[in-house]
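Peer 1: First the structure, then my questions, so here it is.
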Amino acid sequence: MSDVRDATPYDALLLLSFGGPEGPDDVVPFLRNVTHGRGIPEERLKEVGQHYYLFDGISPINAQNRDLLAALRADFAEHGVELPVFWGNRNWSPYLPDTLRGMAKEGHRRIAVLATSAYASYSGCRQYRENLADALAALQTEGLPVPRVDKLRHYFNHPGFLEPMIDGVLASLADLPEEVRDGAEIAFTTHSIPDAAADTSGPREVHGDGGAYVAQHLDTARVIADAVRERTGVDRPWSLVYQSRSGSPHIPWLEPDICDHLEERHAAGAPAVVMAPIGFVSDHMEVRYDLDTEATAKAAELGLPVRRSATVGADPRFAAAVRDLLLERAATERGEHPARCALGALGPSHDVCPVGCCPARSPRPAAAGMD
């Protein structure tokens, strides 16, 4: 990583995340925000909300974002990057429009944005850009200055994102009983999305079926699996699998589901499986429930030993990676040609999303891109 500390032209960093409820009374209102405009009945929202009620109605994501915010501020201070860091959510307090409004009133005019989603897809990239566009339009309507926002590039293959996950898989393998450790397989998990959304991520003509979404996850999984093999001396089977499907059953979504995969691998004689949630930045609800609760229960039913490895969370190496991404983009905006850290076969991704990248079903304005 570079030792340059100049963040010019940026005057602030915005941590942009999904948000989550922080008590039982927040759950249904939060789910209304998430599903706004889809016409989902109240009873269905209450049914989905049962996952949250198992955890007292509290999603861990906001607390984890507070930890990441503190880690970023500490890293910037330690390395002499004099840039304030703010936080805004798409679906719960602190809401993105409120955060941007406060930033504009404080005089911030050029803002770098880190989304807590490392991969290309509509829901993981363009939808955040649409939310940014909506918030900026609201500022303009209110007569406030409208800052320029630049979303930092996808970081799925940045060493500071990968190294904590490599360590997490190694720790999970070490935690398995010795008699099954060397035969253990790795199931790299990420959020399932509709096939059509995956195919058009990236866009499709560059990556083929599954688009950039699948290609980037496969590249991440391969890097981690190779590192684990090098550090343990064991070449173990691995797969990319999916979780957290939430759509209509008649629409094709990415498969196999993690629970189906565990059944299949148990039937094939796998002695143990490490579930590695590479598609998630932190241990939020879809990790705590879908893996730690549901998939772990399925494994217990099968008699299959499993472990779930850690996400990057607020790991100092990830905070350092964010600093690197910020300073890299700042140098590019100044007309320089900085080194761009990336592992794997795909190389560093684009800074600015091209036209037609991860399109929505119906066109909407989006900030920080070419369309």
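Chain labels follow the order of the structure tokens: the first chain is A, the next B, and so on; residue numbering restarts at 1 in every chain, and ligands are counted from 1 in their shown order.
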Find the spatial neighbours of A:Arg361, counting only C-alpha atoms, within a cut-off of 12 Å - ignore same-chain residues fewer than 3 positions away - and output them as a VMD selection string.
Peer 2: chain A and resid 122 to 123 126 to 127 194 196 to 197 200 356 358 364
Peer 1: Identify, on the basis of only C-alpha atoms, every residue whose closest approach to stretch 16-22 of chain A does not exceed 9 Å; exclude the query and any residue fewer than 5 positions from it along the same chain; express the result as a PyMOL selection string.
Peer 2: chain A and resi 27-31+34+52+56-62+65+86-96+113-117+128+284-285
Peer 1: Residues near A:Ala276, anyone? I mean within 10 Å using only C-alpha atoms, not counting same-chain ones fewer than 6 positions away, as a CSV table (one decimal) with all heavy atoms, in the first residue's frame.
Peer 2:
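To be explicit, this is the file written out as part_25.csv:
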```csv
chain,number,residue,atom,x,y,z
A,165,MET,N,-10.2,-12.8,5.8
A,165,MET,CA,-11.0,-14.0,5.5
A,165,MET,C,-10.2,-15.2,5.4
A,165,MET,O,-10.6,-16.3,5.8
A,165,MET,CB,-11.8,-13.7,4.3
A,165,MET,CG,-12.9,-12.7,4.5
A,165,MET,SD,-14.1,-12.6,3.1
A,165,MET,CE,-13.1,-12.0,1.8
A,166,ILE,N,-9.0,-15.1,4.8
A,166,ILE,CA,-8.0,-16.3,4.8
A,166,ILE,C,-7.8,-16.7,6.2
A,166,ILE,O,-7.9,-17.9,6.6
A,166,ILE,CB,-6.7,-15.9,4.1
A,166,ILE,CG1,-7.0,-15.7,2.6
A,166,ILE,CG2,-5.7,-17.0,4.3
A,166,ILE,CD1,-5.9,-15.0,1.9
A,168,GLY,N,-9.6,-16.3,8.8
A,168,GLY,CA,-10.8,-16.8,9.4
A,168,GLY,C,-11.0,-18.3,9.0
A,168,GLY,O,-11.5,-19.1,9.8
A,169,VAL,N,-10.8,-18.6,7.7
A,169,VAL,CA,-10.9,-20.0,7.3
A,169,VAL,C,-9.9,-20.9,8.0
A,169,VAL,O,-10.2,-22.0,8.5
A,169,VAL,CB,-10.8,-20.1,5.8
A,169,VAL,CG1,-10.7,-21.6,5.3
A,169,VAL,CG2,-11.9,-19.4,5.1
A,172,SER,N,-11.0,-21.5,11.5
A,172,SER,CA,-12.2,-22.5,11.5
A,172,SER,C,-11.7,-23.9,11.3
A,172,SER,O,-12.2,-24.8,11.9
A,172,SER,CB,-13.2,-22.1,10.5
A,172,SER,OG,-13.8,-20.8,10.8
A,186,ILE,N,-14.5,-26.6,1.9
A,186,ILE,CA,-14.9,-25.2,2.2
A,186,ILE,C,-16.1,-24.8,1.3
A,186,ILE,O,-16.1,-25.1,0.1
A,186,ILE,CB,-13.7,-24.2,1.9
A,186,ILE,CG1,-12.5,-24.6,2.6
A,186,ILE,CG2,-14.1,-22.8,2.3
A,186,ILE,CD1,-11.2,-23.8,2.2
A,187,ALA,N,-17.1,-24.3,1.9
A,187,ALA,CA,-18.3,-23.7,1.2
A,187,ALA,C,-18.3,-22.2,1.3
A,187,ALA,O,-18.5,-21.7,2.4
A,187,ALA,CB,-19.6,-24.3,1.8
A,188,PHE,N,-17.9,-21.6,0.2
A,188,PHE,CA,-17.8,-20.1,0.2
A,188,PHE,C,-19.3,-19.6,-0.1
A,188,PHE,O,-19.9,-20.0,-1.1
A,188,PHE,CB,-16.9,-19.6,-0.9
A,188,PHE,CG,-15.4,-19.9,-0.6
A,188,PHE,CD1,-14.8,-21.0,-1.3
A,188,PHE,CD2,-14.7,-19.2,0.3
A,188,PHE,CE1,-13.5,-21.3,-1.0
A,188,PHE,CE2,-13.4,-19.5,0.6
A,188,PHE,CZ,-12.8,-20.6,-0.1
A,189,THR,N,-19.8,-18.8,0.8
A,189,THR,CA,-21.2,-18.4,0.6
A,189,THR,C,-21.4,-16.9,0.3
A,189,THR,O,-20.5,-16.1,0.8
A,189,THR,CB,-22.0,-18.7,1.9
A,189,THR,OG1,-21.7,-17.7,2.9
A,189,THR,CG2,-21.7,-20.1,2.5
A,190,THR,N,-22.4,-16.6,-0.4
A,190,THR,CA,-22.8,-15.3,-0.7
A,190,THR,C,-24.3,-15.2,-0.8
A,190,THR,O,-25.0,-16.2,-0.9
A,190,THR,CB,-22.1,-14.7,-1.9
A,190,THR,OG1,-22.3,-13.3,-2.0
A,190,THR,CG2,-22.6,-15.3,-3.2
A,221,ALA,N,-13.0,-16.6,-4.0
A,221,ALA,CA,-12.9,-18.0,-3.4
A,221,ALA,C,-11.7,-18.7,-3.8
A,221,ALA,O,-11.0,-19.3,-2.9
A,221,ALA,CB,-14.2,-18.8,-3.8
A,224,ILE,N,-8.6,-17.3,-1.8
A,224,ILE,CA,-8.6,-17.8,-0.4
A,224,ILE,C,-8.3,-19.3,-0.3
A,224,ILE,O,-7.5,-19.7,0.5
A,224,ILE,CB,-10.0,-17.5,0.2
A,224,ILE,CG1,-10.3,-16.0,0.3
A,224,ILE,CG2,-10.1,-18.2,1.6
A,224,ILE,CD1,-11.7,-15.6,0.8
A,240,LEU,N,-18.6,-22.6,-4.5
A,240,LEU,CA,-19.3,-21.3,-4.2
A,240,LEU,C,-20.8,-21.7,-4.1
A,240,LEU,O,-21.4,-22.3,-5.1
A,240,LEU,CB,-19.1,-20.3,-5.4
A,240,LEU,CG,-19.9,-19.0,-5.3
A,240,LEU,CD1,-19.5,-18.2,-4.1
A,240,LEU,CD2,-19.7,-18.2,-6.6
A,241,VAL,N,-21.4,-21.3,-3.0
A,241,VAL,CA,-22.8,-21.6,-2.8
A,241,VAL,C,-23.5,-20.3,-2.3
A,241,VAL,O,-22.9,-19.3,-2.1
A,241,VAL,CB,-23.0,-22.7,-1.7
A,241,VAL,CG1,-22.3,-24.0,-2.2
A,241,VAL,CG2,-22.5,-22.3,-0.4
A,287,VAL,N,-25.9,-13.5,8.2
A,287,VAL,CA,-24.9,-14.4,8.6
A,287,VAL,C,-25.3,-15.1,9.9
A,287,VAL,O,-25.2,-16.3,10.0
A,287,VAL,CB,-23.5,-13.7,8.8
A,287,VAL,CG1,-22.5,-14.6,9.4
A,287,VAL,CG2,-23.0,-13.1,7.4
A,291,LEU,N,-26.7,-18.6,8.4
A,291,LEU,CA,-25.6,-19.6,8.6
A,291,LEU,C,-25.5,-20.1,10.0
A,291,LEU,O,-25.5,-21.3,10.3
A,291,LEU,CB,-24.3,-18.9,8.2
A,291,LEU,CG,-24.1,-18.5,6.7
A,291,LEU,CD1,-22.7,-17.9,6.5
A,291,LEU,CD2,-24.4,-19.7,5.8
A,307,ARG,N,-18.1,-25.4,10.7
A,307,ARG,CA,-17.7,-24.2,11.4
A,307,ARG,C,-18.0,-23.1,10.5
A,307,ARG,O,-17.9,-23.2,9.2
A,307,ARG,CB,-16.2,-24.2,11.7
A,307,ARG,CG,-15.7,-25.3,12.7
A,307,ARG,CD,-16.3,-25.1,14.1
A,307,ARG,NE,-15.8,-26.0,15.1
A,307,ARG,CZ,-16.3,-27.2,15.3
A,307,ARG,NH1,-17.4,-27.6,14.7
A,307,ARG,NH2,-15.8,-28.0,16.2
A,308,ARG,N,-18.2,-21.9,11.0
A,308,ARG,CA,-18.4,-20.7,10.2
A,308,ARG,C,-17.3,-19.7,10.4
A,308,ARG,O,-17.1,-19.3,11.6
A,308,ARG,CB,-19.8,-20.1,10.5
A,308,ARG,CG,-20.3,-19.1,9.5
A,308,ARG,CD,-19.8,-17.7,9.8
A,308,ARG,NE,-20.5,-17.1,11.0
A,308,ARG,CZ,-20.1,-16.0,11.5
A,308,ARG,NH1,-19.1,-15.2,11.0
A,308,ARG,NH2,-20.7,-15.5,12.6
A,309,SER,N,-16.6,-19.4,9.4
A,309,SER,CA,-15.5,-18.5,9.5
A,309,SER,C,-15.9,-17.0,9.6
A,309,SER,O,-17.1,-16.7,9.2
A,309,SER,CB,-14.5,-18.6,8.4
A,309,SER,OG,-15.0,-18.3,7.1
A,310,ALA,N,-15.0,-16.2,10.1
A,310,ALA,CA,-15.4,-14.8,10.3
A,310,ALA,C,-15.4,-13.9,9.1
A,310,ALA,O,-14.7,-14.2,8.1
A,310,ALA,CB,-14.4,-14.2,11.3
A,311,THR,N,-16.2,-12.9,9.1
A,311,THR,CA,-16.2,-11.9,8.0
A,311,THR,C,-15.1,-10.8,8.4
A,311,THR,O,-14.5,-10.9,9.5
A,311,THR,CB,-17.5,-11.2,7.9
A,311,THR,OG1,-17.9,-10.7,9.2
A,311,THR,CG2,-18.6,-12.1,7.3
```
Peer 1: What separation in Å, quoted to one decimal, exists between atom CA of A:Val85 and atom CA of A:Val146?
Peer 2: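 For atom CA of A:Val85 relative to atom CA of A:Val146, the distance reads 18.1 Å.
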Peer 1: Measuring between only C-alpha atoms, which one of A:Ala184, A:Ala135, A:Ile111, A:Leu68 shows the shortest distance to A:Leu326?
Peer 2: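 With only C-alpha atoms as the atom set, the closest residue is A:Ile111.
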Peer 1: Given the choices A:Gly160, A:Val234, A:Glu255, A:Asp167, which gets closest to A:Gly210 if the distance is worked out from only C-alpha atoms?
Peer 2: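 Checking each candidate against A:Gly210, we get A:Glu255 as the closest.
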Peer 1: Please give the complete set of residues from stretch 69-216 of chain A that DSSP, run on the backbone, assigns to alpha helix (DSSP H), formatted as an MDAnalysis selection string.
Peer 2: chainID A and resid 69:78 96:105 127:141 159:175 178:181 195:199 204:207 211:216
Peer 1: Which residue out of A:Ser244, A:Phe280, A:Ala367, A:Leu13 has the minimum interatomic distance to A:Leu132 when only C-alpha atoms are used?
Peer 2: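 For A:Leu132, the nearest of the given residues is A:Ala367.
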Peer 1: Give me, as JSON lines, the closest atom pair and its distance (Å, one decimal) for every residue of stretch 226-267 of chain A within a cut-off of 9 Å of stretch 300-305 of chain A, counting only C-alpha atoms, rows sorted by chain and rising number.
Peer 2:
```
{"residue": "A:Leu262", "atom": "CA", "partner": "A:Leu304", "partner_atom": "CA", "distance": 8.1}
{"residue": "A:Glu263", "atom": "CA", "partner": "A:Leu302", "partner_atom": "CA", "distance": 7.2}
{"residue": "A:His266", "atom": "CA", "partner": "A:Leu304", "partner_atom": "CA", "distance": 6.6}
```
Peer 1: Restricted to N, CA, C and O atoms, what would the selected residues look like written as an mmCIF file, in the first residue's frame?
Peer 2:
```
data_model
loop_
_atom_site.group_PDB
_atom_site.id
_atom_site.type_symbol
_atom_site.label_atom_id
_atom_site.label_comp_id
_atom_site.auth_asym_id
_atom_site.auth_seq_id
_atom_site.Cartn_x
_atom_site.Cartn_y
_atom_site.Cartn_z
ATOM 1 N N LEU A 262 -24.991 -28.623 1.935
ATOM 2 C CA LEU A 262 -24.558 -29.430 3.078
ATOM 3 C C LEU A 262 -25.133 -30.845 2.993
ATOM 4 O O LEU A 262 -24.426 -31.832 3.268
ATOM 5 N N GLU A 263 -26.389 -30.954 2.588
ATOM 6 C CA GLU A 263 -26.987 -32.281 2.422
ATOM 7 C C GLU A 263 -26.252 -33.082 1.357
ATOM 8 O O GLU A 263 -25.942 -34.269 1.545
ATOM 9 N N HIS A 266 -22.697 -34.071 2.550
ATOM 10 C CA HIS A 266 -22.775 -35.126 3.564
ATOM 11 C C HIS A 266 -23.056 -36.466 2.892
ATOM 12 O O HIS A 266 -22.411 -37.481 3.220
#
```
Peer 1: At a cut-off of 9 Å, using only C-alpha atoms, what residues contact A:Cys259? Leave out same-chain residues fewer than 6 positions from it and give the result as a count of residues only.
Peer 2: 7
Peer 1: A:Leu139, A:His250, A:Leu343, A:Asp371: which is nearest A:Pro359, counting only C-alpha atoms?
Peer 2: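 Smallest separation from A:Pro359 among the options: A:Asp371.
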